[in-house]
2 protein chains.
Amino acid sequence: MVKTAKNEVLEPFHETRHDHAHCIGEALASADQLCLDAGVRLTPLRRRVLEMVWQSHEPVGAYDLLDRLRHERRRAAPPTVYRALDFLLEQGLIHRIESLNAYVGCGEPHDRHGGQFLICRDCGSVAELNDGDIADTVVSKARRQGFHVQRQTIEILGLCPNCGKKAGAIHAG
Amino acid sequence: MVKTAKNEVLEPFHETRHDHAHCIGEALASADQLCLDAGVRLTPLRRRVLEMVWQSHEPVGAYDLLDRLRHERRRAAPPTVYRALDFLLEQGLIHRIESLNAYVGCGEPHDRHGGQFLICRDCGSVAELNDGDIADTVVSKARRQGFHVQRQTIEILGLCPNCGKKAGAIHAG
DNA sequence: GCAGCTAATGATATAACGTAACACTATGGC
DNA sequence: GCCATAGTGTTACGTTATATCATTAGCTGC
């Protein structure tokens, strides 16, 4: 991840630099409110893990989180992280990327949704698509097979706008 | 898996009993031809692993395959299975179900496609959807975000026709 | 046939990911 | 303060996957 002096971050799916601290702040504030409404406890540990997941728009592995967590909480062990992740998943605050065994913050935790992810093969960043047409098409086509959809996992691998341009430039050059 | 005297198998997505030996036979014949055309070697080991994957329409884990393989090949180890699986994946003869860490035979190995899977939460069986409309919608929606799609992984969890009926009956009863 | 090359497999070890089970601590209601 | 429950600590283990080097099989040209 490329950082500037002001903690701005180059994020492919944001097309331009953006103040990533703002993403983190929003996500945490949103999480505070959501948990308050739901009557569940976003404890310091859980909140810290959520913050760590949000450190970038790239999916992060559970053991990466564990390593970072140990810097500030020596007693952390795998269950420490996995329990926090399970909680965050249940509350819809993060998503799990199945094809990467990794986790990303959810940009729209207010409406529950299965995941639709665009994953850049080059830079590793991930953006949520959350397109209703796709979800509806899936449900409708599945129903034709007599199948009742409960959850959709859609993970699209390819090149994000920035990396696509780079690849194009290489081709052109 | 429920088997009858004639090796017929009850498969939800096939709605009725079907002669599963026929599925296996077709898959293997198809694989032989495909590998011949591609100029790659479907060795006895690889062919046997493919056959084992096709033993049912349920996804099977690598270590399950390993256990079975050891009955007839004592020296089998994890790499034995994983290398065979990698080969079969490359040739498009099987798919990996990311959300289950498991593998299923590909019903249409002739045309390369990302996976679209209907996974029954109840009985564990899997069917391929391979719907062009879904794939096209995904590509088109992704493109609007400036994203270039290379591979799609779509895994739909829910109830297959048979298990859906059962669940309905319970509700009704 | 066999020398020499490459693909495939054997064999060992270890990495990466995830969970079970039980003990202890914190929080909130009475 | 007492209790019940939720949350975290702690240890151990299970599952999934890969790295590495040694050996064997199959193919090519002679």
# chains A, B, ... in the order shown; residues from 1 in each chain; ligands from 1
>>> select_by_dssp(residues="chain A", states="helix (DSSP H, G or I)", output="PyMOL selection string")
chain A and resi 12-14+20-38+44-53+62-70+78-90+98-100+132-144+161-172
>>> interface_residues(of="chain D", to="chain A", cutoff="9 Å", atoms="only C-alpha atoms (C1' of nucleotides)", output="mmCIF file with N, CA and C atoms (P, O5', C5', C4', C3', O3' and C1' of nucleotides), in the first residue's frame")
data_model
loop_
_atom_site.group_PDB
_atom_site.id
_atom_site.type_symbol
_atom_site.label_atom_id
_atom_site.label_comp_id
_atom_site.auth_asym_id
_atom_site.auth_seq_id
_atom_site.Cartn_x
_atom_site.Cartn_y
_atom_site.Cartn_z
ATOM 1 P P DG D 7 -20.585 -11.348 24.215
ATOM 2 O "O5'" DG D 7 -19.091 -11.442 24.770
ATOM 3 C "C5'" DG D 7 -18.593 -10.387 25.567
ATOM 4 C "C4'" DG D 7 -17.214 -10.744 26.067
ATOM 5 C "C3'" DG D 7 -16.211 -11.098 24.970
ATOM 6 O "O3'" DG D 7 -15.182 -10.124 25.021
ATOM 7 C "C1'" DG D 7 -16.089 -12.616 26.785
ATOM 8 P P DT D 8 -13.920 -10.145 24.060
ATOM 9 O "O5'" DT D 8 -12.849 -11.006 24.859
ATOM 10 C "C5'" DT D 8 -12.284 -10.470 26.050
ATOM 11 C "C4'" DT D 8 -11.371 -11.495 26.682
ATOM 12 C "C3'" DT D 8 -10.206 -11.955 25.801
ATOM 13 O "O3'" DT D 8 -9.008 -11.560 26.446
ATOM 14 C "C1'" DT D 8 -11.255 -13.775 26.897
ATOM 15 P P DG D 9 -7.584 -12.075 25.952
ATOM 16 O "O5'" DG D 9 -7.356 -13.366 26.856
ATOM 17 C "C5'" DG D 9 -7.279 -13.211 28.264
ATOM 18 C "C4'" DG D 9 -6.695 -14.470 28.912
ATOM 19 C "C3'" DG D 9 -5.389 -14.976 28.298
ATOM 20 O "O3'" DG D 9 -4.565 -15.439 29.372
ATOM 21 C "C1'" DG D 9 -7.039 -16.676 28.154
ATOM 22 P P DT D 10 -3.081 -15.923 29.163
ATOM 23 O "O5'" DT D 10 -3.223 -17.458 28.803
ATOM 24 C "C5'" DT D 10 -3.853 -18.319 29.764
ATOM 25 C "C4'" DT D 10 -3.818 -19.767 29.273
ATOM 26 C "C3'" DT D 10 -2.614 -20.107 28.390
ATOM 27 O "O3'" DT D 10 -1.885 -21.125 29.041
ATOM 28 C "C1'" DT D 10 -4.656 -20.959 27.495
#
>>> interface_residues(of="chain A", to="chain C", cutoff="10 Å", atoms="only C-alpha atoms (C1' of nucleotides)", output="MDAnalysis selection string")
chainID A and resid 61:63 78:79 82 101:102
>>> write_last_selection(atoms="C-alpha atoms", output="PDB file, in the first residue's frame")
ATOM      1  CA  GLY A  61      -5.485 -13.308   6.819  1.00  0.00           C
ATOM      2  CA  ALA A  62      -6.377 -14.323  10.359  1.00  0.00           C
ATOM      3  CA  TYR A  63      -2.761 -15.076  11.217  1.00  0.00           C
ATOM      4  CA  PRO A  78      -5.590 -18.061  17.300  1.00  0.00           C
ATOM      5  CA  PRO A  79      -8.943 -18.261  19.107  1.00  0.00           C
ATOM      6  CA  TYR A  82     -11.058 -16.122  15.218  1.00  0.00           C
ATOM      7  CA  ASN A 101      -8.973 -17.400   3.266  1.00  0.00           C
ATOM      8  CA  ALA A 102      -8.961 -13.766   4.193  1.00  0.00           C
TER       9      ALA A 102
END
>>> closest_residue(among="B:Gly115, B:Ala169, B:Asp136, B:Glu98", to="chain A", atoms="only C-alpha atoms")
B:Glu98
>>> interface_residues(of="chain B", to="chain A", cutoff="8 Å", atoms="only C-alpha atoms", output="PDB file with N, CA and C atoms, in the first residue's frame")
ATOM      1  N   GLU B  98     -14.479 -23.317  -3.322  1.00  0.00           N
ATOM      2  CA  GLU B  98     -13.669 -22.558  -2.381  1.00  0.00           C
ATOM      3  C   GLU B  98     -14.270 -22.544  -0.985  1.00  0.00           C
ATOM      4  N   SER B  99     -15.587 -22.434  -0.933  1.00  0.00           N
ATOM      5  CA  SER B  99     -16.220 -22.289   0.379  1.00  0.00           C
ATOM      6  C   SER B  99     -16.237 -23.601   1.156  1.00  0.00           C
ATOM      7  N   LEU B 118     -24.439 -24.693  -7.252  1.00  0.00           N
ATOM      8  CA  LEU B 118     -25.546 -24.725  -6.314  1.00  0.00           C
ATOM      9  C   LEU B 118     -25.205 -25.791  -5.282  1.00  0.00           C
ATOM     10  N   LEU B 129     -24.296 -24.767 -12.357  1.00  0.00           N
ATOM     11  CA  LEU B 129     -25.336 -23.968 -12.992  1.00  0.00           C
ATOM     12  C   LEU B 129     -24.859 -23.548 -14.389  1.00  0.00           C
ATOM     13  N   ASP B 131     -24.557 -20.722 -16.028  1.00  0.00           N
ATOM     14  CA  ASP B 131     -25.527 -19.914 -16.752  1.00  0.00           C
ATOM     15  C   ASP B 131     -24.841 -18.715 -17.402  1.00  0.00           C
ATOM     16  N   ASP B 133     -26.135 -16.042 -18.757  1.00  0.00           N
ATOM     17  CA  ASP B 133     -26.677 -14.735 -18.381  1.00  0.00           C
ATOM     18  C   ASP B 133     -25.994 -14.206 -17.125  1.00  0.00           C
ATOM     19  N   ILE B 134     -25.841 -15.090 -16.150  1.00  0.00           N
ATOM     20  CA  ILE B 134     -25.178 -14.671 -14.914  1.00  0.00           C
ATOM     21  C   ILE B 134     -23.758 -14.211 -15.215  1.00  0.00           C
ATOM     22  N   THR B 137     -23.766 -10.908 -17.030  1.00  0.00           N
ATOM     23  CA  THR B 137     -24.135  -9.806 -16.132  1.00  0.00           C
ATOM     24  C   THR B 137     -22.943  -9.416 -15.265  1.00  0.00           C
ATOM     25  N   VAL B 138     -22.267 -10.426 -14.756  1.00  0.00           N
ATOM     26  CA  VAL B 138     -21.107 -10.142 -13.911  1.00  0.00           C
ATOM     27  C   VAL B 138     -20.059  -9.361 -14.690  1.00  0.00           C
ATOM     28  N   LYS B 141     -21.297  -5.752 -15.372  1.00  0.00           N
ATOM     29  CA  LYS B 141     -21.329  -4.892 -14.183  1.00  0.00           C
ATOM     30  C   LYS B 141     -19.929  -4.576 -13.682  1.00  0.00           C
ATOM     31  N   ALA B 142     -19.057  -5.555 -13.795  1.00  0.00           N
ATOM     32  CA  ALA B 142     -17.681  -5.328 -13.365  1.00  0.00           C
ATOM     33  C   ALA B 142     -17.022  -4.289 -14.271  1.00  0.00           C
ATOM     34  N   GLN B 145     -17.268  -0.785 -13.473  1.00  0.00           N
ATOM     35  CA  GLN B 145     -16.362  -0.312 -12.417  1.00  0.00           C
ATOM     36  C   GLN B 145     -14.930  -0.213 -12.934  1.00  0.00           C
ATOM     37  N   GLY B 146     -14.768  -0.467 -14.225  1.00  0.00           N
ATOM     38  CA  GLY B 146     -13.428  -0.428 -14.797  1.00  0.00           C
ATOM     39  C   GLY B 146     -12.634  -1.682 -14.515  1.00  0.00           C
ATOM     40  N   PHE B 147     -13.339  -2.745 -14.140  1.00  0.00           N
ATOM     41  CA  PHE B 147     -12.661  -3.981 -13.742  1.00  0.00           C
ATOM     42  C   PHE B 147     -12.694  -5.001 -14.875  1.00  0.00           C
ATOM     43  N   HIS B 148     -11.550  -5.587 -15.150  1.00  0.00           N
ATOM     44  CA  HIS B 148     -11.455  -6.587 -16.206  1.00  0.00           C
ATOM     45  C   HIS B 148     -11.515  -7.997 -15.614  1.00  0.00           C
ATOM     46  N   VAL B 149     -12.588  -8.709 -15.909  1.00  0.00           N
ATOM     47  CA  VAL B 149     -12.817 -10.024 -15.296  1.00  0.00           C
ATOM     48  C   VAL B 149     -11.975 -11.099 -15.955  1.00  0.00           C
ATOM     49  N   GLN B 150     -11.325 -11.898 -15.113  1.00  0.00           N
ATOM     50  CA  GLN B 150     -10.570 -13.039 -15.634  1.00  0.00           C
ATOM     51  C   GLN B 150     -11.183 -14.370 -15.208  1.00  0.00           C
ATOM     52  N   ARG B 151     -11.648 -14.440 -13.989  1.00  0.00           N
ATOM     53  CA  ARG B 151     -12.271 -15.687 -13.542  1.00  0.00           C
ATOM     54  C   ARG B 151     -13.370 -15.413 -12.529  1.00  0.00           C
ATOM     55  N   GLN B 152     -14.449 -16.131 -12.640  1.00  0.00           N
ATOM     56  CA  GLN B 152     -15.569 -15.954 -11.732  1.00  0.00           C
ATOM     57  C   GLN B 152     -15.711 -17.179 -10.830  1.00  0.00           C
ATOM     58  N   THR B 153     -15.903 -16.921  -9.579  1.00  0.00           N
ATOM     59  CA  THR B 153     -16.192 -18.003  -8.634  1.00  0.00           C
ATOM     60  C   THR B 153     -17.530 -17.694  -7.987  1.00  0.00           C
ATOM     61  N   ILE B 154     -18.538 -18.486  -8.313  1.00  0.00           N
ATOM     62  CA  ILE B 154     -19.881 -18.224  -7.815  1.00  0.00           C
ATOM     63  C   ILE B 154     -20.388 -19.469  -7.098  1.00  0.00           C
ATOM     64  N   GLU B 155     -20.599 -19.338  -5.794  1.00  0.00           N
ATOM     65  CA  GLU B 155     -21.015 -20.488  -4.996  1.00  0.00           C
ATOM     66  C   GLU B 155     -22.277 -20.134  -4.233  1.00  0.00           C
ATOM     67  N   ILE B 156     -23.354 -20.825  -4.594  1.00  0.00           N
ATOM     68  CA  ILE B 156     -24.664 -20.504  -4.059  1.00  0.00           C
ATOM     69  C   ILE B 156     -25.076 -21.565  -3.048  1.00  0.00           C
ATOM     70  N   LEU B 157     -25.291 -21.123  -1.819  1.00  0.00           N
ATOM     71  CA  LEU B 157     -25.684 -22.041  -0.771  1.00  0.00           C
ATOM     72  C   LEU B 157     -27.196 -21.996  -0.593  1.00  0.00           C
ATOM     73  N   GLY B 158     -27.812 -23.145  -0.379  1.00  0.00           N
ATOM     74  CA  GLY B 158     -29.259 -23.156  -0.183  1.00  0.00           C
ATOM     75  C   GLY B 158     -29.792 -24.574  -0.107  1.00  0.00           C
ATOM     76  N   LEU B 159     -30.998 -24.757  -0.598  1.00  0.00           N
ATOM     77  CA  LEU B 159     -31.636 -26.069  -0.533  1.00  0.00           C
ATOM     78  C   LEU B 159     -31.923 -26.584  -1.932  1.00  0.00           C
ATOM     79  N   CYS B 160     -31.483 -27.806  -2.192  1.00  0.00           N
ATOM     80  CA  CYS B 160     -31.740 -28.427  -3.478  1.00  0.00           C
ATOM     81  C   CYS B 160     -33.218 -28.828  -3.554  1.00  0.00           C
ATOM     82  N   PRO B 161     -33.702 -29.160  -4.732  1.00  0.00           N
ATOM     83  CA  PRO B 161     -35.121 -29.486  -4.896  1.00  0.00           C
ATOM     84  C   PRO B 161     -35.610 -30.513  -3.874  1.00  0.00           C
ATOM     85  N   GLY B 164     -35.440 -29.096  -0.303  1.00  0.00           N
ATOM     86  CA  GLY B 164     -36.424 -28.020  -0.215  1.00  0.00           C
ATOM     87  C   GLY B 164     -37.812 -28.576   0.027  1.00  0.00           C
TER      88      GLY B 164
END
>>> atom_distance(atom1="CA of Ala29 in chain A", atom2="CA of His57 in chain A")
17.4 Å
>>> residues_around(residues="range 31-39 of chain B", least_positions_apart="6", cutoff="10 Å", atoms="only C-alpha atoms (C1' of nucleotides)", output="list of chain:residue names")
B:Gly25, B:Arg47, B:Leu50, B:Leu88, B:Gln91, B:Gly92, B:Leu93, B:Pro109, B:His110
>>> select_by_dssp(residues="chain A", states="strand (DSSP E or B)", output="ChimeraX atom specification")
/A:3,8-10,17-19,60,94-97,102-105,115-120,126-128,148-159
